[in-house]
Amino acid sequence: MNPSRKAGPRRVPIIALLLWLCSCPVFADEAGVEPQTRTDAIKQEALQLGAKALGLESRILDRSGPGTTIYLSAGNSGASIVGVNLVIDGSPPVRHLFDPDETQALLRDGMYRLARMGLKAGAHQVHAEVLLQYAGDTEPRTLSLDDSCEIPDAASELVLVPEGKNWLASPALKLHQQSAASGDVSSAWDLQRLWSAVNGPAVRDGTYRPGSDGDPRIGNARFFAETRDYFKAIVLLMQISAQAHDLALPPEYYQVLTSALIDYGTLSWAQDTYREALGAGINAAAAAALRIRIAEVYYQRNDYAHAQQALGASPSRRDNKQLTGWQDVKARILMAQGRFDEANGLLKATAIGADFESYVRYYNLGISLITDGLVPQGVTVLDRVGTIVSTDRDMLALSDSANLVLGSYLLQHGQGATAIPILERIQIRGRYSDRALLNLGWAWLAPAGQKQTRVMLGDERMVGPPPETVGALHGPFDDQNLYQRYHLRPFIRARLDGDKGAKTKQALAIWSELIGRDASSEPVQEGLLAAALALDNLGAHQEATELYVRAAAALESTSRSLDDSAAYVRGEQWVGDVLSAGNESTRFDHVLRNLPKPVVAMQLDNFIAGWSFQSGLQRYRDLDALAVNLKNYDAGLTRYADARNSPTLDDSKPAPVAGSDQDTARTVDSDSEELLATRSSVVELRSRIDSSKSQEVVALRQQLLDDLSGKQQLLAKLLGGAQLEVARAYDGAMQRSD
């Protein structure tokens, strides 16, 4: 093994099913379909209810008078915005400090909605300060604006944006005034798109086409989507559609909506909006990208039939990026369905670059070939992935995985001499090193086996530089295959001495490194037993007995840890430690940010990383975020219900709007029944969400307990064997003393 290579990452790429190493079921449990269906129904119902609540709020505010909505945009400035402060006519300031995700969202064409104010028609004084940082700045700077703004007697938008930083001008904060066009503005909109394509997204004064890139609400929806506030993004987009009446919405509207629905997880609805995007004229590359994303989510749910249906026809070969992505998802679907022969043909036809994703596909090809019975070809592919020279952590982990799978396969098929050099390539402190050391020791004791030959795969080029000279793993795709000029010489084989004692000593030398590691690791425990058995065979009975005692102690300690882990899972603390994202948030966060204490985390590590637990975790997190969103809606509806006699009804406490207090109160009174009904629906849905969350906890708890029980049963067998050997050793010692 190579001690100079650093440990690989904990992130595992999506790879093929290792049928000879894993006995887990390939397809989703039928019982797992129902929780997903239930969660999807709740999520869709929540969207309808959110749209209803937002529409009611807008109607109340619109009846109070024309509203002015103020947004903040980074435009094409490239500035990282840190914070903002806005005051209009001396009203209470609107302030916001942006977290890193929000700063990035503004850089990616997002717009932040600062406030909606009911401002009378006429001049108003605007004071704004934006804290931002340009590339090259060592510290953030402040841009200020003090200006008079003429507000029309109609709803409009104001957009704050930093502009003008170039070699001719210093940066300044600008205020642009916009409004939705009531008629066709397609020509102006097309010119704006052309300008933005050449110069980057820019904010302009004037009118915009509802739902277009120039619509500030689309920018606000993009902001929500980039910060994983998918519920807010979709509800806002639904409102745009409701307010558009009979106007045809442009393709970018449907593209943003479909993308948000995919991330939100309502796939059936996403497919419907995808078809609307096609009708609106979305381009072929964007359409293929959406199809691939929908299919990917179905695949992650183990719903392979819907994944294949959503994937649709292959993109054009002219669009290499989308074609490669399509082939990747298609191949994984075929492999999951056991259709390895079809997957082989597809993976062989996929363009291979020098990037990580390309090597993952090549890894999958190797697994697929072996599983389909084409062993020499599959072994050759895995060997190529296992010999990649790289400093990239993900690539090192993939290379180690390929070497472990290949070496273990050869070992299981009696090819010990060929397995040894392959297992020695694995990082000695990487995530696969414990299992690799254990197998490497066994390889020295296994039959040498026959000479293994690398074979031609048909993807080689015999001209140009050899593959080992390709150094840039993140470089652009090459239209020529990078797997070229591979030598077809036989695999290197270790020289296995015919003397059994010498081979046993070699295995013991390897296992001595393994048994000095953390005894809670399963390969270390197995290594203790293997080393003890080897010492026994060499006649070193005392040393063997000592190792058996150590192994028994380690197994007993692990058994106690499993009992502690089971007690922990039966309690409630793990729900907060593992399932909760750490704080109440409207954002849909599926990343596992917290873990229980290390001893428990080690026992649960593999299962928590598996599909079944991750699916339940995602459903729980989605329901949790929905509950917070609906809680906020309930608070907002309550405020409107309680403020029916107030002349000011919006969230920014603006100056009074035109009209008498009596007219305003009467208008709100007419909506009181709908307010009550909507609030009641929100409360009822929140109750069902809490019930569904509880069901997810019960199901996940049982899965964890089942996993721990299986480990305990295996451990009991190993412990029984170790204790038996200890007892035999002591009995033998007593007989010899007699």
# chains A, B, ... in the order shown; residues from 1 in each chain; ligands from 1

call {"tool": "residues_around", "arguments": {"residues": "region 686-690 of chain A", "least_positions_apart": "3", "cutoff": "12 Å", "atoms": "only C-alpha atoms", "output": "number ranges by chain"}}
result
A: 35, 38-43, 45-46, 49, 619-634, 679-683, 693-697

call {"tool": "residues_around", "arguments": {"residues": "region 361-369 of chain A", "least_positions_apart": "6", "cutoff": "10 Å", "atoms": "only C-alpha atoms", "output": "PyMOL selection string"}}
result
chain A and resi 14-19+324+327-329+331-332+334-335+338-348+350-352+375-386+398-399+401-402+405-406+483

call {"tool": "residues_around", "arguments": {"residues": "region 301-309 of chain A", "least_positions_apart": "6", "cutoff": "12 Å", "atoms": "only C-alpha atoms", "output": "number ranges by chain"}}
result
A: 25-30, 32-33, 35-37, 265, 267-268, 271, 291-295, 326-327, 329-339, 611-616, 618-619

call {"tool": "write_last_selection", "arguments": {"atoms": "C-alpha atoms", "output": "mmCIF file, in the first residue's frame"}}
result
data_model
loop_
_atom_site.group_PDB
_atom_site.id
_atom_site.type_symbol
_atom_site.label_atom_id
_atom_site.label_comp_id
_atom_site.auth_asym_id
_atom_site.auth_seq_id
_atom_site.Cartn_x
_atom_site.Cartn_y
_atom_site.Cartn_z
ATOM 1 C CA PRO A 25 -31.992 -5.081 -2.153
ATOM 2 C CA VAL A 26 -31.674 -3.300 -5.461
ATOM 3 C CA PHE A 27 -35.199 -1.979 -5.698
ATOM 4 C CA ALA A 28 -37.158 0.191 -3.291
ATOM 5 C CA ASP A 29 -39.318 -1.498 -0.703
ATOM 6 C CA GLU A 30 -42.985 -1.216 -1.625
ATOM 7 C CA GLY A 32 -41.347 2.980 1.102
ATOM 8 C CA VAL A 33 -43.591 4.216 -1.689
ATOM 9 C CA PRO A 35 -44.440 7.767 2.765
ATOM 10 C CA GLN A 36 -43.100 9.443 -0.388
ATOM 11 C CA THR A 37 -46.563 9.626 -1.914
ATOM 12 C CA GLY A 265 -39.604 17.376 -5.186
ATOM 13 C CA LEU A 267 -41.960 15.693 -9.913
ATOM 14 C CA SER A 268 -45.343 15.098 -11.533
ATOM 15 C CA GLN A 271 -43.212 17.358 -15.734
ATOM 16 C CA ARG A 291 -35.573 16.223 -18.371
ATOM 17 C CA ILE A 292 -32.274 14.895 -17.077
ATOM 18 C CA ARG A 293 -32.803 16.531 -13.680
ATOM 19 C CA ILE A 294 -36.328 15.111 -13.337
ATOM 20 C CA ALA A 295 -35.078 11.636 -14.276
ATOM 21 C CA TRP A 326 -28.380 11.940 -20.500
ATOM 22 C CA GLN A 327 -26.225 8.880 -21.239
ATOM 23 C CA VAL A 329 -28.449 8.802 -16.093
ATOM 24 C CA LYS A 330 -29.738 6.340 -18.700
ATOM 25 C CA ALA A 331 -26.856 3.933 -18.014
ATOM 26 C CA ARG A 332 -27.425 4.029 -14.255
ATOM 27 C CA ILE A 333 -31.145 3.348 -14.751
ATOM 28 C CA LEU A 334 -30.334 0.346 -16.952
ATOM 29 C CA MET A 335 -27.826 -0.989 -14.438
ATOM 30 C CA ALA A 336 -30.289 -0.594 -11.578
ATOM 31 C CA GLN A 337 -32.778 -2.628 -13.616
ATOM 32 C CA GLY A 338 -30.193 -5.354 -14.239
ATOM 33 C CA ARG A 339 -29.977 -4.566 -17.967
ATOM 34 C CA TRP A 611 -30.541 5.196 0.442
ATOM 35 C CA SER A 612 -33.291 4.158 2.832
ATOM 36 C CA PHE A 613 -32.237 6.456 5.672
ATOM 37 C CA GLN A 614 -31.346 9.361 3.374
ATOM 38 C CA SER A 615 -34.794 9.189 1.736
ATOM 39 C CA GLY A 616 -36.497 9.347 5.121
ATOM 40 C CA GLN A 618 -35.076 14.161 3.104
ATOM 41 C CA ARG A 619 -38.804 13.690 3.652
#

call {"tool": "select_by_dssp", "arguments": {"residues": "region 34-201 of chain A", "states": "helix (DSSP H, G or I)", "output": "PyMOL selection string"}}
result
chain A and resi 34-63+100-107+186-199

call {"tool": "residues_around", "arguments": {"residues": "region 557-571 of chain A", "least_positions_apart": "5", "cutoff": "12 Å", "atoms": "only C-alpha atoms", "output": "ChimeraX atom specification"}}
result
/A:518-522,524-525,550-552,576-579,596-605,697-719

call {"tool": "write_last_selection", "arguments": {"atoms": "C-alpha atoms", "output": "mmCIF file, in the first residue's frame"}}
result
data_model
loop_
_atom_site.group_PDB
_atom_site.id
_atom_site.type_symbol
_atom_site.label_atom_id
_atom_site.label_comp_id
_atom_site.auth_asym_id
_atom_site.auth_seq_id
_atom_site.Cartn_x
_atom_site.Cartn_y
_atom_site.Cartn_z
ATOM 1 C CA ASP A 518 -9.199 1.407 16.345
ATOM 2 C CA ALA A 519 -10.598 -1.877 17.641
ATOM 3 C CA SER A 520 -14.192 -0.723 17.037
ATOM 4 C CA SER A 521 -13.615 -1.062 13.267
ATOM 5 C CA GLU A 522 -15.085 -4.284 11.852
ATOM 6 C CA VAL A 524 -9.762 -4.545 12.667
ATOM 7 C CA GLN A 525 -11.830 -7.024 14.705
ATOM 8 C CA ARG A 550 -7.811 -8.870 22.590
ATOM 9 C CA ALA A 551 -10.341 -9.726 19.892
ATOM 10 C CA ALA A 552 -12.881 -10.911 22.466
ATOM 11 C CA GLY A 576 -32.541 16.685 16.996
ATOM 12 C CA ASP A 577 -28.968 15.494 16.465
ATOM 13 C CA VAL A 578 -29.488 13.829 13.103
ATOM 14 C CA LEU A 579 -32.840 14.723 11.533
ATOM 15 C CA PRO A 596 -24.435 11.970 17.369
ATOM 16 C CA LYS A 597 -21.423 11.313 19.606
ATOM 17 C CA PRO A 598 -18.561 9.556 17.763
ATOM 18 C CA VAL A 599 -19.106 6.060 19.217
ATOM 19 C CA VAL A 600 -22.759 6.051 18.146
ATOM 20 C CA ALA A 601 -21.975 7.741 14.813
ATOM 21 C CA MET A 602 -19.461 4.997 13.981
ATOM 22 C CA GLN A 603 -22.022 2.261 14.612
ATOM 23 C CA LEU A 604 -24.663 4.003 12.482
ATOM 24 C CA ASP A 605 -22.359 5.472 9.832
ATOM 25 C CA VAL A 697 -39.321 9.203 13.006
ATOM 26 C CA VAL A 698 -40.986 5.900 13.921
ATOM 27 C CA ALA A 699 -40.020 4.316 10.586
ATOM 28 C CA LEU A 700 -36.429 5.578 10.703
ATOM 29 C CA ARG A 701 -36.035 4.486 14.314
ATOM 30 C CA GLN A 702 -37.116 0.963 13.404
ATOM 31 C CA GLN A 703 -34.715 0.880 10.456
ATOM 32 C CA LEU A 704 -31.831 1.950 12.689
ATOM 33 C CA LEU A 705 -32.734 -0.614 15.340
ATOM 34 C CA ASP A 706 -32.978 -3.364 12.711
ATOM 35 C CA ASP A 707 -29.527 -2.437 11.407
ATOM 36 C CA LEU A 708 -28.058 -2.467 14.914
ATOM 37 C CA SER A 709 -29.739 -5.808 15.624
ATOM 38 C CA GLY A 710 -28.174 -7.348 12.515
ATOM 39 C CA LYS A 711 -24.756 -6.104 13.578
ATOM 40 C CA GLN A 712 -25.296 -7.475 17.070
ATOM 41 C CA GLN A 713 -26.158 -10.921 15.690
ATOM 42 C CA LEU A 714 -23.021 -11.026 13.521
ATOM 43 C CA LEU A 715 -20.960 -9.766 16.428
ATOM 44 C CA ALA A 716 -22.336 -12.493 18.694
ATOM 45 C CA LYS A 717 -21.098 -15.151 16.248
ATOM 46 C CA LEU A 718 -17.613 -13.639 16.080
ATOM 47 C CA LEU A 719 -17.499 -13.198 19.843
#

call {"tool": "residues_around", "arguments": {"residues": "region 72-87 of chain A", "least_positions_apart": "6", "cutoff": "6 Å", "atoms": "only C-alpha atoms", "output": "NGL selection string"}}
result
:A and (93-98 or 103 or 106-107 or 111-112 or 127-134 or 159-161 or 163 or 200-202)
